[in-house]
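Have a look at target-v8.tsv below; it lists TSV, C-alpha atoms and all ligand atoms.
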```tsv
chain	number	residue	atom	x	y	z
A	26	ALA	CA	82.70	86.65	74.14
A	27	HIS	CA	84.43	84.13	71.90
A	28	ASP	CA	86.46	81.09	72.95
A	29	MET	CA	90.16	81.93	73.27
A	30	GLN	CA	91.07	78.36	72.28
A	31	ASP	CA	89.95	79.15	68.73
A	32	ASP	CA	92.69	81.78	68.44
A	33	LEU	CA	95.54	79.62	69.71
A	34	ALA	CA	98.21	78.10	67.47
A	35	GLN	CA	100.21	76.41	70.21
A	36	VAL	CA	100.72	76.10	73.93
A	37	LEU	CA	104.32	77.04	74.64
A	38	ILE	CA	104.43	76.56	78.42
A	39	THR	CA	101.72	74.63	80.23
A	40	GLU	CA	100.03	75.51	83.49
A	41	GLU	CA	101.85	72.62	85.20
A	42	GLU	CA	105.24	73.73	83.91
A	43	ILE	CA	104.62	77.28	85.16
A	44	SER	CA	103.50	75.95	88.51
A	45	ARG	CA	106.56	73.73	88.97
A	46	ARG	CA	108.96	76.50	87.95
A	47	LEU	CA	107.32	78.96	90.35
A	48	ASP	CA	107.79	76.41	93.17
A	49	GLU	CA	111.52	76.39	92.42
A	50	MET	CA	111.79	80.16	92.09
A	51	ALA	CA	109.94	80.73	95.36
A	52	ALA	CA	112.19	78.27	97.22
A	53	GLN	CA	115.25	80.06	95.84
A	54	ILE	CA	113.90	83.50	96.79
A	55	ASP	CA	113.13	82.29	100.32
A	56	ALA	CA	116.62	80.84	100.67
A	57	ASP	CA	118.33	83.99	99.35
A	58	HIS	CA	116.39	86.40	101.57
A	59	GLU	CA	116.30	84.70	104.93
A	60	GLY	CA	115.70	87.19	107.71
A	61	GLN	CA	114.95	90.06	105.29
A	62	GLN	CA	111.70	91.96	105.00
A	63	LEU	CA	111.17	91.78	101.23
A	64	LEU	CA	109.03	94.21	99.28
A	65	LEU	CA	107.67	92.68	96.09
A	66	VAL	CA	106.94	95.28	93.42
A	67	GLY	CA	104.59	94.10	90.69
A	68	VAL	CA	104.51	95.86	87.34
A	69	LEU	CA	100.93	96.31	86.18
A	70	LYS	CA	99.23	94.82	84.39
A	71	GLY	CA	101.18	91.87	83.02
A	72	ALA	CA	102.69	90.81	86.33
A	73	VAL	CA	99.46	90.20	88.24
A	74	TYR	CA	99.38	86.42	87.76
A	75	VAL	CA	103.09	85.92	88.43
A	76	MET	CA	102.81	88.10	91.53
A	77	ALA	CA	99.79	86.19	92.83
A	78	ASP	CA	101.22	82.74	92.17
A	79	LEU	CA	104.83	83.44	93.11
A	80	SER	CA	104.09	85.38	96.30
A	81	ARG	CA	101.75	82.74	97.70
A	82	ARG	CA	104.48	80.12	97.32
A	83	LEU	CA	106.88	82.05	99.54
A	84	ARG	CA	107.21	80.94	103.13
A	85	SER	CA	108.48	84.34	104.22
A	86	SER	CA	106.03	87.10	105.06
A	87	ILE	CA	106.50	89.76	102.41
A	88	GLN	CA	104.99	93.12	101.56
A	89	MET	CA	103.56	93.90	98.18
A	90	ASP	CA	103.26	97.07	96.14
A	91	TRP	CA	102.44	97.93	92.53
A	92	MET	CA	103.60	100.25	89.80
A	93	ALA	CA	102.14	101.01	86.41
A	94	VAL	CA	104.45	102.35	83.73
A	95	SER	CA	104.18	103.09	80.06
A	96	SER	CA	106.70	103.94	77.39
A	97	TYR	CA	106.76	107.64	76.69
A	98	GLY	CA	104.52	108.86	73.88
A	99	SER	CA	102.00	106.72	72.06
A	100	GLY	CA	103.86	104.67	69.47
A	101	THR	CA	106.16	101.70	69.89
A	102	LYS	CA	107.73	100.96	73.23
A	103	SER	CA	111.38	100.89	72.25
A	104	SER	CA	112.39	104.42	73.23
A	105	GLY	CA	113.43	103.32	76.69
A	106	VAL	CA	111.82	106.46	78.07
A	107	VAL	CA	109.24	105.38	80.58
A	108	ARG	CA	106.41	107.30	82.21
A	109	ILE	CA	105.00	106.40	85.61
A	110	LEU	CA	101.22	105.95	85.45
A	111	LYS	CA	100.87	104.71	89.02
A	112	ASP	CA	103.69	105.07	91.49
A	113	LEU	CA	104.47	102.95	94.54
A	114	ASP	CA	102.83	103.70	97.86
A	115	ALA	CA	105.86	102.45	99.77
A	116	ASP	CA	108.97	104.42	100.70
A	117	LEU	CA	111.94	102.40	99.45
A	118	THR	CA	114.54	103.80	101.84
A	119	GLY	CA	116.57	100.90	103.17
A	120	ARG	CA	114.20	98.33	101.67
A	121	HIS	CA	115.06	95.07	99.95
A	122	VAL	CA	113.03	95.24	96.74
A	123	LEU	CA	112.18	92.43	94.33
A	124	ILE	CA	110.58	93.61	91.10
A	125	VAL	CA	108.17	91.00	89.75
A	126	GLU	CA	107.58	90.89	85.98
A	127	ASP	CA	105.88	88.61	83.50
A	128	ILE	CA	108.41	89.12	80.70
A	129	ILE	CA	111.63	90.82	79.71
A	130	ASP	CA	111.50	91.50	76.00
A	131	SER	CA	113.79	94.37	74.92
A	132	GLY	CA	114.67	94.90	78.58
A	133	LEU	CA	114.04	98.62	78.29
A	134	THR	CA	111.18	98.75	80.81
A	135	LEU	CA	113.10	96.88	83.49
A	136	SER	CA	116.37	98.64	82.83
A	137	TRP	CA	114.65	101.96	83.44
A	138	LEU	CA	112.73	100.65	86.44
A	139	LEU	CA	115.85	99.23	88.01
A	140	GLY	CA	117.54	102.63	87.79
A	141	ASN	CA	114.47	104.46	89.02
A	142	LEU	CA	113.88	102.27	92.07
A	143	SER	CA	117.59	102.08	92.92
A	144	SER	CA	117.75	105.88	93.06
A	145	ARG	CA	115.16	105.92	95.85
A	146	GLY	CA	117.56	104.65	98.48
A	147	ALA	CA	116.65	100.96	98.47
A	148	ALA	CA	119.12	98.62	100.16
A	149	SER	CA	118.83	96.25	97.19
A	150	VAL	CA	116.77	95.98	94.00
A	151	GLU	CA	116.47	92.63	92.25
A	152	ILE	CA	114.31	91.25	89.46
A	153	ALA	CA	112.19	88.12	89.16
A	154	THR	CA	110.61	87.44	85.79
A	155	LEU	CA	108.67	84.46	84.54
A	156	LEU	CA	109.83	84.85	80.94
A	157	ARG	CA	112.79	86.33	79.12
A	158	LYS	CA	113.56	86.62	75.40
A	159	PRO	CA	117.37	86.54	75.32
A	160	GLU	CA	117.57	87.29	71.59
A	161	ALA	CA	115.32	90.36	71.84
A	162	LEU	CA	117.31	92.13	74.54
A	163	LYS	CA	118.44	95.64	73.60
A	164	VAL	CA	120.03	96.42	76.93
A	165	GLU	CA	121.86	94.30	79.46
A	166	VAL	CA	119.64	93.65	82.48
A	167	ASP	CA	120.91	91.79	85.50
A	168	VAL	CA	118.10	89.39	86.44
A	169	ALA	CA	118.27	87.39	89.66
A	170	TYR	CA	115.38	84.99	88.95
A	171	VAL	CA	114.19	83.82	85.52
A	172	GLY	CA	111.46	81.27	84.94
A	173	PHE	CA	111.97	80.43	81.28
A	174	ASP	CA	114.05	81.73	78.39
A	175	ILE	CA	111.87	81.69	75.28
A	176	PRO	CA	112.33	82.37	71.57
A	177	THR	CA	111.58	85.80	70.12
A	178	GLU	CA	107.94	85.13	69.36
A	179	PHE	CA	104.83	87.01	70.43
A	180	VAL	CA	103.39	85.17	73.41
A	181	VAL	CA	100.16	85.65	75.31
A	182	GLY	CA	98.53	84.35	78.46
A	183	TYR	CA	99.30	84.23	82.17
A	184	GLY	CA	99.15	88.04	82.27
A	185	LEU	CA	100.55	88.71	78.80
A	186	ASP	CA	98.17	90.43	76.41
A	187	TYR	CA	97.57	91.07	72.78
A	188	ALA	CA	95.47	94.25	72.49
A	189	GLU	CA	94.53	93.82	76.19
A	190	GLN	CA	93.11	90.34	75.54
A	191	TYR	CA	94.27	86.80	76.39
A	192	ARG	CA	95.77	87.78	79.76
A	193	ASN	CA	93.46	85.26	81.43
A	194	LEU	CA	94.75	82.20	79.60
A	195	PRO	CA	96.23	80.01	82.37
A	196	PHE	CA	99.26	79.06	80.22
A	197	ILE	CA	101.70	80.73	77.79
A	198	GLY	CA	100.62	80.37	74.19
A	199	LEU	CA	101.12	81.50	70.63
A	200	LEU	CA	98.26	83.00	68.64
A	201	LYS	CA	97.34	82.06	65.10
A	202	PRO	CA	98.74	84.58	62.60
A	203	GLU	CA	95.27	85.50	61.39
A	204	VAL	CA	94.39	86.85	64.83
A	205	TYR	CA	96.84	89.73	64.26
A	206	GLU	CA	95.51	90.39	60.80
A	207	ASN	CA	91.95	91.06	61.93
B	301	LIG	C1	104.97	94.32	78.70
B	301	LIG	C2	105.45	93.30	79.71
B	301	LIG	C3	106.64	93.98	80.35
B	301	LIG	C4	107.22	94.80	79.21
B	301	LIG	C5	108.40	94.10	78.63
B	301	LIG	O1	104.19	95.28	79.38
B	301	LIG	O2	104.44	93.04	80.66
B	301	LIG	O3	106.22	94.83	81.39
B	301	LIG	O4	106.17	94.89	78.21
B	301	LIG	O5	108.86	94.77	77.49
B	301	LIG	P1	110.34	95.36	77.33
B	301	LIG	O6	111.28	94.40	77.97
B	301	LIG	O7	110.51	95.43	75.84
B	301	LIG	O8	110.37	96.70	77.96
B	301	LIG	P2	103.26	96.31	78.59
B	301	LIG	O9	103.99	97.58	78.42
B	301	LIG	O10	102.71	95.66	77.37
B	301	LIG	O11	102.09	96.60	79.64
B	301	LIG	P3	101.13	95.51	80.33
B	301	LIG	O12	101.95	94.80	81.34
B	301	LIG	O13	100.06	96.32	80.92
B	301	LIG	O14	100.64	94.60	79.22
B	302	MN	MN	104.03	94.83	81.64
B	303	MG	MG	101.13	94.56	77.21
```
Is it possible to express this structure as structure tokens?
Amino acid sequence: AHDMQDDLAQVLITEEEISRRLDEMAAQIDADHEGQQLLLVGVLKGAVYVMADLSRRLRSSIQMDWMAVSSYGSGTKSSGVVRILKDLDADLTGRHVLIVEDIIDSGLTLSWLLGNLSSRGAASVEIATLLRKPEALKVEVDVAYVGFDIPTEFVVGYGLDYAEQYRNLPFIGLLKPEVYEN
């Protein structure tokens, strides 16, 4: 396997910056949900690092579940029609749900997910995302917790992939243009 560093143009958000922001987000989530039994719902696969690092910073005992979704059909993911590849194990009736995501890009995935999970009788459904691209949003999504707003550029690392690679970079980075051309 080749060295990922060779493919990087720039580090956008360092490991330390992510870590410090997650500390703040976790403290806020704890404060906002005192006395509640929270269910964190991670969206596979991008959210695995955020879920692991955010959840272990919480002081409250939480429960954790996972969903895998994909945009309908095979082409681009801007239809807004989403297919469930792996559904939750948990029954959401009366639950306080916090969806955990790595990034909100067009917002279509989360907008659909918010509607889907809300329709299952949850007491509340909120969103925590590490990254958001405000200028790429195609739908309004009400997000309770945002780590960083970033420019509309293709980012990888900390769960985010290009062609299923680079998820395991410990920071958020930009790839060299030639990586996409190969
Ligand atoms: C990425 C990302 C978000 C979604 C955001 O997931 O992890 O889940 O796209 O895009 P949107 O706001 O435009 O809907 P992807 O579908 O690539 O799957 P992955 O998490 O397995 O990489
Ligand atoms: Mn994802
Ligand atoms: Mg992806």
Counting all atoms listed in the file, name the residues that have an atom within 10 Å of an atom of ligand MN 302 (chain B); the answer should be given as a ChimeraX atom specification.
/A:67-73,92-95,125-130,134-135,184-186
Show which residues sit within 9 Å of A:Tyr74, as an MDAnalysis selection string. Count only C-alpha atoms, and ignore same-chain residues fewer than 4 positions away.
chainID A and resid 78:79 127 183:184 192:193 195
Residues within 8 Å of (118.6, 100.4, 78.6), file coordinates, counting all atoms listed in the file: what are they? Give the list as a PyMOL selection string.
chain A and resi 105+132-134+136-137+163-166
Which residues are near A:Leu47? Cut-off 10 Å, all atoms listed in the file, ignore same chain within fewer than 5 positions. Put them as a PyMOL selection string.
chain A and resi 41-42+52-53+75+78-83+155+171-172
Which is closer to ligand LIG 301 (chain B) than all the others in A:Ser143, A:Ser131, A:Thr177, A:Gln30, using all atoms listed in the file?
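Between A:Ser143, A:Ser131, A:Thr177, A:Gln30, the residue approaching ligand LIG 301 (chain B) most closely is A:Ser131.
With only C-alpha atoms as the atoms that count, the minimum distance from A:Val150 to the choices A:Thr118, A:Ile109, A:Ala26, A:Glu178 is reached by A:Thr118.
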Taking into account all atoms listed in the file, which residue in the set A:Gly119, A:Leu199, A:Gln190, A:Glu206 is nearest to ligand MG 303 (chain B)?
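Result for the nearest residue to ligand MG 303 (chain B): A:Gln190.
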Of the candidates A:Ala153, A:Leu194, A:Ser96, A:Lys201, which one gets nearest to ligand MG 303 (chain B) if we count all atoms listed in the file?
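For ligand MG 303 (chain B), the nearest of the candidates is A:Ser96.
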What gap, in Å, lies between atom CA of A:Met89 and atom CA of A:Asp112?
13.0 Å
Interatomic distance, atom O13 of ligand LIG 301 (chain B) to atom CA of A:Phe196 (Å, one decimal):
17.3 Å
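The interatomic distance for the pair atom CA of A:His121 and atom CA of A:Val66 works out to 10.4 Å.
Using all atoms listed in the file, the shortest contact distance between ligand LIG 301 (chain B) and any of A:Val106, A:Pro176, A:Ala115, A:Gly146 is found at A:Val106.
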Pick from A:Val36, A:Val107, A:Ile43, A:Ala169, whichever lies nearest to A:Gly140 using all atoms listed in the file
A:Val107
Near A:Tyr170, within 7 Å and counting only C-alpha atoms, which residues show up once chain neighbours fewer than 5 positions away are dropped, as a list in words?
Met50, Ile152, Ala153 and Thr154 of chain A
